[in-house]
Every structure is written in structure tokens, then in C-alpha cells.
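**Q** Here it is, the structure, as C-alpha cells.
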Amino acid sequence: MFENMKKMSLHSGAAQKPLSINFVGETICDEKFDIMRDCSDLMSLEYIADGCGTLRINGQELHPEKGDVFFLPIGSRHHYYSQKENGWHKYFVSFYGDMADALVEYYLPKDTYLFKDCFLEKNFSRIFDIAFNTESLLDAEQLIAVELFRIFNALHERKRIEQLDLADRIKRSIDDHLYEEFNLDALCGYMNYSKNHIINIFSSKFKKTPYRYYLEAKTALAKDYLLNTNLSINEIASALAYSNSQYFSICFKKMTGYSPRNFRANAKT
């Protein structure tokens with residue numbers, strides 16, 4: 001196990017600031033990484049840059065993996081450890097103070113400790129860089145506080161968006177791009193979710209994958225062109241962003257059992 005950690009401030013001494021930083025660090029975990037606390041005296045956010053593991057906290061069992069953030073509040077009972085194979089590579093920041101408490105209360109849902117598919121590595125790695133490359137601890141702490149606020153805001157927005165119907169938002173996005181080639185990577189980038197999450201959420205509601213829905217919706221659009229316009233097959237293929245009319249015909253026949261030309265002819269008889 002490799003751990004690089006920096007202690008930023010001490011509880012003793014000067015009066016407590018509204019938001020103070022305890023520790024900032026990076027850990028590359030192996031099978032020996034195993035942390036257990038009955039009543040944590042620390043509050044921290046941890047970002048999984050890679051790997052998988054398990055977090056048991058206040059009666060919940062969670063499985064943080066790449067792209068996830070997990071939260072450990074003060075007073076929590078938790079036990080977390082890295083998977084033996086494909087262990088965690090994670091960044092962490094521990095903090096305290098009245099403002100820290102307010103951020104948690106306002107921005108994080110109660111009893112929520114895992115935030116999936118956040119992909120906030122840039123924010124956490126910047127905190128790490130600030131901690132280890134800023135000469136003044138006071139300056140470092142202030143800069144880290146700004147990054148922490150950004151992270152809390154991102155987590156808050158993430159949960160708020162999740163409360164909306166993600167499947168319908170995916171569907172709307174696909175409908176808006178029927179005149180383009182299907183691009184799952186672009187869709188996931190726009191939604192800021194992983195491919196598996198996008199596919200699972202959409203399939204759960206609509207009983208088909210996003211790509212299957214795209215094919216069916218695009219075929220319905222092609223039918224509308226064939227039945228209600230005088231455009232040629234070549235023109236329809238071009239309008240719908242098929243590479244050529246032959247590919248359009250292959251796709252259309254695969255979905256309907258008819259070539260575009262035969263479908264149009266049969267509809268007129």
C-alpha cells in the first residue's frame with residue numbers, strides 16, 4: 001500500500017476557523033488496506049480514481065468504484081477496505097469547522113454516503129497539488145476550501161438531477177439527435193454518466209437499450225418521409241445522416257422487413 005498524506009492544520013492552538021483542513025492525501029491500496037472506526041472523529045470526502053472496494057457505514061453496505069465519491073461524517077461507524085484485485089487508488093480530504101458542518105447539512109442528503117459517477121478527479125487532484133505545492137499553509141487551506149465548495153456544489157447538483165427522471169432526459173436527448181449518427185460516448189458525456197448507468201436506467205424504464213430506441217425512432221422518422229414526402233431514397237438517406245442510400249436500405253429492411261422502395265410502393269397500393 002502506498003499512501004502520501006499531508007497534515008494541514010492542528011485542532012490545538014489558534015481559534016478554530018469556519019473551515020479548516022485536517023489531512024489531504026492519496027492512497028494506492030492493496031489487500032492490507034482496511035480501516036475501521038466505531039465513532040469517527042474525522043469528517044472526510046474520498047474520491048475513487050480507480051479500482052473497487054467496500055464501505056460499510058451506519059448499517060449500509062456500499063461499493064465505491066472508479067468515478068465515485070464517498071463521505072465519512074463525524075460520529076459515523078464505518079469499515080472500509082479495498083478489493084484484493086483491482087484495489088482502490090483514491091484521493092481524500094479531511095476537514096472540520098462550522099462552515100464544514102453547514103456545507104454538509106445544506107448540500108448533502110441525509111444518510112447518503114456514496115455519490116456515483118461523479119468524475120471529480122480534477123478537483124481532488126487539485127486539492128492534492130495545492131496541499132503539497134503551496135508554501136503557506138494558510139494560503140493552501142484557503143485554496144482547498146474553494147475546491148471543497150466546488151465539490152460540495154457538484155455533489156448537490158448530482159443528487160438534484162438524479163431526482164429527475166433520467167430515462168426521460170436520455171430519451172429526449174436521443175430524439176433531439178435523430179438526424180445524426182448515434183453516439184453513445186457523446187450521450188454519456190452530455191449526461192455525465194457512465195455507459196452502463198445510462199443503458200441500465202434507460203432499459204429499466206423503456207425495456208430497450210438507448211441504441212434500440214434510436215433505431216426504432218429513426219425508422220419511424222424514415223417511414224414518415226417515405227409516406228408523406230416525394231423525396232428520393234437518396235435524399236431521405238442524406239437527410240437522416242446515413243452514409244449512403246445503400247446503408248439506409250440495409251438498416252431500414254433490417255428493422256421493417258422491407259426495403260424503403262418496397263415500403264413506399266406497398267403503402268400506395
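Following the order of the C-alpha cells, chains are lettered A, B, ..., residues in each are numbered from 1, and ligands are numbered from 1.
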Can you pull out every residue within 10 Å of Ser238 in chain A, counting only C-alpha atoms, but drop anything in the same chain fewer than 6 positions away, and send it as a CSV table (one decimal) with N, CA and C atoms, in the first residue's frame?
**A**
chain,number,residue,atom,x,y,z
A,179,TYR,N,-31.4,13.1,-36.4
A,179,TYR,CA,-30.8,13.4,-37.7
A,179,TYR,C,-29.3,13.3,-37.7
A,232,SER,N,-36.5,11.5,-52.8
A,232,SER,CA,-36.0,10.2,-53.3
A,232,SER,C,-35.3,9.5,-52.1
A,244,ASN,N,-24.9,6.5,-46.9
A,244,ASN,CA,-25.3,6.4,-48.3
A,244,ASN,C,-26.7,5.7,-48.4
A,245,SER,N,-27.3,5.7,-49.5
A,245,SER,CA,-28.6,5.1,-49.7
A,245,SER,C,-28.6,3.6,-49.5
A,248,PHE,N,-28.7,3.0,-45.8
A,248,PHE,CA,-30.0,3.3,-45.3
A,248,PHE,C,-31.0,2.1,-45.6
**Q** Near Lys208 in chain A, counting only C-alpha atoms, which residues have an atom at most 12 Å away, once you skip same-chain residues fewer than 5 positions from it, shown as a list in words?
**A** Ala167, Lys171, Ile198, Ile199, Asn200, Ile201, Phe202, Ser203, Tyr213, Tyr214, Leu215 and Glu216 of chain A
**Q** Looking at A:Ser125, A:Asn133, A:Thr219, A:Ser259, which one is nearest to Leu240 in chain A, with distances taken over only C-alpha atoms?
**A**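 Of A:Ser125, A:Asn133, A:Thr219, A:Ser259, the one nearest Leu240 in chain A is A:Thr219, counting only C-alpha atoms.
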**Q** Once DSSP has gone over the backbone, tell me which residues of range 63-233 of chain A are in strand (DSSP E or B), as a PyMOL selection string.
**A** chain A and resi 65+69-72+78-82+89-96+114-115
**Q** Pick from A:Ile151, A:Ile35, A:Met99, A:Leu187: nearest to Phe119 in chain A, with only C-alpha atoms counted?
**A**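 So, comparing all the options, the nearest one is A:Ile151.
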**Q** Identify which of the residues A:Glu180, A:Asp165, A:Glu26, A:Glu157 lies closest to Tyr107 in chain A, counting only C-alpha atoms when measuring atom-to-atom distances.
**A**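 Once distances to Tyr107 in chain A are computed over only C-alpha atoms, the minimum belongs to A:Glu157.
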**Q** Compare A:Phe206, A:Phe115, A:Phe95, A:Tyr242 by their minimum atom-to-atom distance to Tyr193 in chain A, counting only C-alpha atoms, and give me the closest one.
**A**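 Among the listed residues, A:Phe115 lies closest to Tyr193 in chain A.
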**Q** Can you pull out every residue within 12 Å of Met191 in chain A, counting only C-alpha atoms, but drop anything in the same chain fewer than 3 positions away, and send it as a list of chain:residue names?
**A** A:Asp117, A:Cys118, A:Arg158, A:Ile161, A:Glu162, A:Leu166, A:Ala167, A:Asp168, A:Arg169, A:Ile170, A:Lys171, A:Arg172, A:Ser173, A:Ile174, A:Leu184, A:Asp185, A:Ala186, A:Leu187, A:Cys188, A:Ser194, A:Lys195, A:His197, A:Ile198, A:Ile199
**Q** Excluding same-chain residues fewer than 4 positions from Pro64 in chain A, what lies within 12 Å of it counting only C-alpha atoms, as a ChimeraX atom specification?
**A** /A:46-56,68-71,80-83,87-90,113-118
**Q** May I ask for the distance between CA of Tyr258 in chain A and CA of Ala237 in chain A, given in Å to one decimal place?
**A**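 Value for the CA of Tyr258 in chain A-CA of Ala237 in chain A distance: 15.3 Å.
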**Q** Extract, using only C-alpha atoms, all DNA, RNA and protein residues at most 10 Å from Gly59 in chain A, discarding same-chain residues fewer than 3 positions from it, and format them as a ChimeraX atom specification.
**A** /A:56,62,77-78
**Q** Atoms to include: C-alpha atoms. Write the selected residues as a compact mmCIF listing (two decimals), in the first residue's frame.
**A**
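Here's the written file selection.txt:
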# COMPACT_ATOMS: atom_id res chain seq x y z
CA ARG A 56 -19.93 -0.37 5.45
CA LEU A 62 -21.82 0.31 -0.41
CA ARG A 77 -19.41 3.93 12.46
CA HIS A 78 -17.66 2.69 9.37
**Q** DSSP says helix (DSSP H, G or I) for which residues of range 26-171 of chain A? Put them as a PyMOL selection string?
**A** chain A and resi 98-107+121-133+137-163+166-171
**Q** Would you pick out the contacts of Phe128 in chain A at 9 Å or less, using only C-alpha atoms, so that residues sharing its chain but fewer than 3 positions from it are not included, and give the list as a short mmCIF file (atom, residue, chain, number, x, y, z; two decimals) with all heavy atoms, in the first residue's frame?
**A**
data_model
loop_
_atom_site.label_atom_id
_atom_site.label_comp_id
_atom_site.auth_asym_id
_atom_site.auth_seq_id
_atom_site.Cartn_x
_atom_site.Cartn_y
_atom_site.Cartn_z
N MET A 5 0.36 11.54 2.43
CA MET A 5 -0.62 12.32 3.17
C MET A 5 0.08 13.53 3.80
O MET A 5 1.23 13.46 4.23
CB MET A 5 -1.26 11.46 4.27
CG MET A 5 -2.30 12.18 5.11
SD MET A 5 -3.16 11.05 6.22
CE MET A 5 -1.83 10.60 7.34
N LYS A 6 -0.65 14.63 3.84
CA LYS A 6 -0.12 15.85 4.47
C LYS A 6 -1.12 16.37 5.49
O LYS A 6 -2.31 16.50 5.19
CB LYS A 6 0.16 16.93 3.42
CG LYS A 6 0.85 18.17 4.00
CD LYS A 6 1.34 19.08 2.90
CE LYS A 6 2.13 20.24 3.48
NZ LYS A 6 2.67 21.13 2.43
N VAL A 24 -4.87 15.94 3.79
CA VAL A 24 -5.05 15.76 2.36
C VAL A 24 -4.12 14.63 1.96
O VAL A 24 -2.97 14.57 2.42
CB VAL A 24 -4.68 17.04 1.58
CG1 VAL A 24 -4.64 16.77 0.08
CG2 VAL A 24 -5.68 18.15 1.88
N GLY A 25 -4.60 13.74 1.11
CA GLY A 25 -3.72 12.64 0.75
C GLY A 25 -4.16 11.83 -0.44
O GLY A 25 -5.23 12.05 -1.02
N GLU A 26 -3.32 10.91 -0.79
CA GLU A 26 -3.54 9.97 -1.89
C GLU A 26 -3.13 8.59 -1.40
O GLU A 26 -2.10 8.43 -0.74
CB GLU A 26 -2.70 10.37 -3.10
CG GLU A 26 -2.79 9.40 -4.27
CD GLU A 26 -1.79 9.71 -5.37
OE1 GLU A 26 -0.77 10.38 -5.05
OE2 GLU A 26 -2.00 9.29 -6.51
N TYR A 91 -8.09 9.61 -3.64
CA TYR A 91 -7.69 10.86 -3.01
C TYR A 91 -8.64 11.13 -1.85
O TYR A 91 -9.83 10.76 -1.91
CB TYR A 91 -7.76 12.02 -3.99
CG TYR A 91 -6.78 11.94 -5.14
CD1 TYR A 91 -7.17 11.45 -6.37
CD2 TYR A 91 -5.47 12.39 -4.98
CE1 TYR A 91 -6.27 11.37 -7.43
CE2 TYR A 91 -4.56 12.33 -6.03
CZ TYR A 91 -4.97 11.82 -7.25
OH TYR A 91 -4.08 11.75 -8.29
N PHE A 92 -8.17 11.81 -0.82
CA PHE A 92 -9.04 12.12 0.31
C PHE A 92 -8.70 13.47 0.89
O PHE A 92 -7.57 13.96 0.78
CB PHE A 92 -8.97 11.03 1.39
CG PHE A 92 -7.60 10.82 1.96
CD1 PHE A 92 -7.16 11.54 3.06
CD2 PHE A 92 -6.73 9.89 1.39
CE1 PHE A 92 -5.89 11.35 3.59
CE2 PHE A 92 -5.46 9.69 1.92
CZ PHE A 92 -5.03 10.42 3.01
N VAL A 93 -9.71 14.09 1.49
CA VAL A 93 -9.52 15.34 2.19
C VAL A 93 -10.39 15.32 3.45
O VAL A 93 -11.58 15.01 3.38
CB VAL A 93 -9.85 16.57 1.30
CG1 VAL A 93 -11.24 16.46 0.69
CG2 VAL A 93 -9.71 17.87 2.08
N ASN A 123 -10.83 17.97 -9.42
CA ASN A 123 -10.97 18.76 -8.20
C ASN A 123 -10.14 18.18 -7.06
O ASN A 123 -9.46 18.91 -6.34
CB ASN A 123 -12.44 18.82 -7.77
CG ASN A 123 -13.32 19.45 -8.83
OD1 ASN A 123 -13.75 18.78 -9.77
ND2 ASN A 123 -13.60 20.73 -8.69
N PHE A 124 -10.20 16.84 -6.92
CA PHE A 124 -9.46 16.22 -5.82
C PHE A 124 -7.95 16.25 -6.07
O PHE A 124 -7.17 16.45 -5.14
CB PHE A 124 -9.94 14.79 -5.62
CG PHE A 124 -11.21 14.68 -4.81
CD1 PHE A 124 -12.44 14.80 -5.42
CD2 PHE A 124 -11.16 14.47 -3.44
CE1 PHE A 124 -13.61 14.72 -4.68
CE2 PHE A 124 -12.32 14.38 -2.68
CZ PHE A 124 -13.55 14.51 -3.30
N SER A 125 -7.54 16.04 -7.30
CA SER A 125 -6.10 16.09 -7.59
C SER A 125 -5.58 17.52 -7.43
O SER A 125 -4.42 17.73 -7.03
CB SER A 125 -5.81 15.57 -9.00
OG SER A 125 -6.43 16.35 -9.99
N ALA A 131 -2.05 21.21 -1.63
CA ALA A 131 -1.51 20.85 -0.32
C ALA A 131 0.00 20.63 -0.36
O ALA A 131 0.71 21.00 0.57
CB ALA A 131 -2.22 19.59 0.19
N PHE A 132 0.48 20.04 -1.44
CA PHE A 132 1.89 19.67 -1.49
C PHE A 132 2.77 20.68 -2.22
O PHE A 132 4.00 20.55 -2.21
CB PHE A 132 2.04 18.29 -2.12
CG PHE A 132 1.61 17.17 -1.21
CD1 PHE A 132 0.28 16.80 -1.12
CD2 PHE A 132 2.53 16.51 -0.41
CE1 PHE A 132 -0.12 15.78 -0.27
CE2 PHE A 132 2.15 15.49 0.44
CZ PHE A 132 0.82 15.12 0.52
N ASN A 133 2.16 21.68 -2.84
CA ASN A 133 2.96 22.61 -3.63
C ASN A 133 2.74 24.08 -3.27
O ASN A 133 3.22 24.96 -3.99
CB ASN A 133 2.67 22.41 -5.12
CG ASN A 133 3.11 21.03 -5.60
OD1 ASN A 133 4.27 20.67 -5.49
ND2 ASN A 133 2.16 20.26 -6.12
N ILE A 144 -7.86 25.29 -0.84
CA ILE A 144 -8.55 24.00 -0.73
C ILE A 144 -10.01 24.20 -0.35
O ILE A 144 -10.90 23.48 -0.83
CB ILE A 144 -7.83 23.10 0.30
CG1 ILE A 144 -6.48 22.65 -0.26
CG2 ILE A 144 -8.69 21.88 0.65
CD1 ILE A 144 -5.59 21.95 0.75
#
**Q** Would you compute the distance between CA of Phe33 in chain A and CA of Met1 in chain A? Give it in Å to one decimal.
**A** 6.9 Å
**Q** As a compact mmCIF listing (two decimals) with C-alpha atoms, in the first residue's frame, please: the residues near Leu19 in chain A (cut-off 6 Å, only C-alpha atoms, same-chain neighbours under 4 positions excluded).
**A**
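After the write, out-v3.txt holds the following:
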# COMPACT_ATOMS: atom_id res chain seq x y z
CA TYR A 96 -13.86 20.45 10.07
CA GLY A 97 -15.44 23.68 11.31
CA MET A 99 -18.79 26.10 7.69
CA ALA A 100 -17.92 22.47 7.01
**Q** Could you tell me how far CA of Ile28 in chain A sits from CA of Asn4 in chain A, in Å to one decimal place?
**A**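 Computed distance, CA of Asn4 in chain A to CA of Ile28 in chain A, equals 8.9 Å.
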